[in-house]
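Quick notes on the structure that follows.
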Amino acid sequence: TQQWVERAQGESSSCRGPPWFGVGVSTAHTAMGRLSVLFVLAYFVAAHGEEEEVEFADTPLLSSLWEATKDNNNDGIDRLLDSSTYAVKSRSEDGRGLAWWAWEFQNVYALGAIMAYGGDVLSTSEDSLGSPAMAMCDKNPDCDKEALLSKARSMVEDIKRRKEEREKERQEEEDFEAEADEGLDDDEF
């Protein structure tokens with residue numbers, strides 16, 4: 001690797017370059033080849049880095065999200081998403097999660113909440129049967145994917161605003177409780 005570092009630093013104006021660039025390649029061509037490899041690598045990381053490995057496991061959180069989504073319980077969806085930073089991307093044992101259920105039950109609010117909490121309702125990530133979440137809509141002739149997406153997108157800013165309000169209220173409660181605790185002496189317990 002030291003020889004490649006030296007060549008990259010320009011110690012040789014005409015280097016052979018790595019074997020996959022051929023023999024007698026000029027420094028400029030070698031540098032371009034290296035850049036090409038770096039761009040391909042960067043693209044791969046960017047394209048695939050977003051899809052993190054997620055463990056598939058049934059949990060009470062996911063059962064509650066399924067139920068809230070099925071029942072159109074928007075307050076429940078908010079409460080559950082607020083409770084865990086992993087809720088949006090969590091997946092049950094069958095590889096499905098909130099996005100699959102939002103599409104299955106055509107729950108516009110759940111789709112909007114997924115987007116508001118940083119999830120991707122159009123992700124190509126697949127469940128254990130090889131189906132992406134949006135396939136739940138594709139399988140149903142009564143499901144209008146574009147109409148659902150349009151309505152969901154129109155809700156995102158309001159969902160984000162209400163999320164921020166709840167976070168602010170929680171922070172104020174925590175601050176109030178911390179101030180109240182500071183005012184107590186050990187003798188007052």
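Every chain in the structure tokens takes a letter, A first, then B, and so on in the order presented; its residues are numbered from 1, and the ligands are numbered from 1 following the presented order.
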* For stretch 159-163 of chain A, work out the shell of residues within 10 Å, counting only C-alpha atoms and skipping chain neighbours fewer than 6 positions away, then give it as a ChimeraX atom specification. => /A:78-79,81-82,109,112-117,169
Residues of stretch 117-161 of chain A within 12 Å of stretch 53-72 of chain A: nearest atom pair and distance (Å, one decimal) for each, counting only C-alpha atoms, sorted by chain and number, as a tab-separated table?
residue	atom	partner	partner_atom	distance
A:Ser125	CA	A:Glu53	CA	10.1
A:Glu126	CA	A:Val54	CA	11.2
A:Asp127	CA	A:Phe56	CA	9.2
A:Ser128	CA	A:Phe56	CA	9.0
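Counting only C-alpha atoms, the residue from A:Asp75, A:Glu172, A:Glu93, A:Glu104 that sits nearest to A:Leu148 is A:Glu104.
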* Point out the residue among A:Lys168, A:Arg96, A:Val88, A:Phe105 with the least atom-to-atom distance to A:Lys139, counting only C-alpha atoms. => A:Phe105
* For the atom pair atom CA of A:Ser90 and atom CA of A:Asn107, what is the interatomic distance in Å to one decimal place? -> 17.7 Å
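Distance-wise, atom CA of A:Glu174 and atom CA of A:Leu80 end up 19.2 Å apart.
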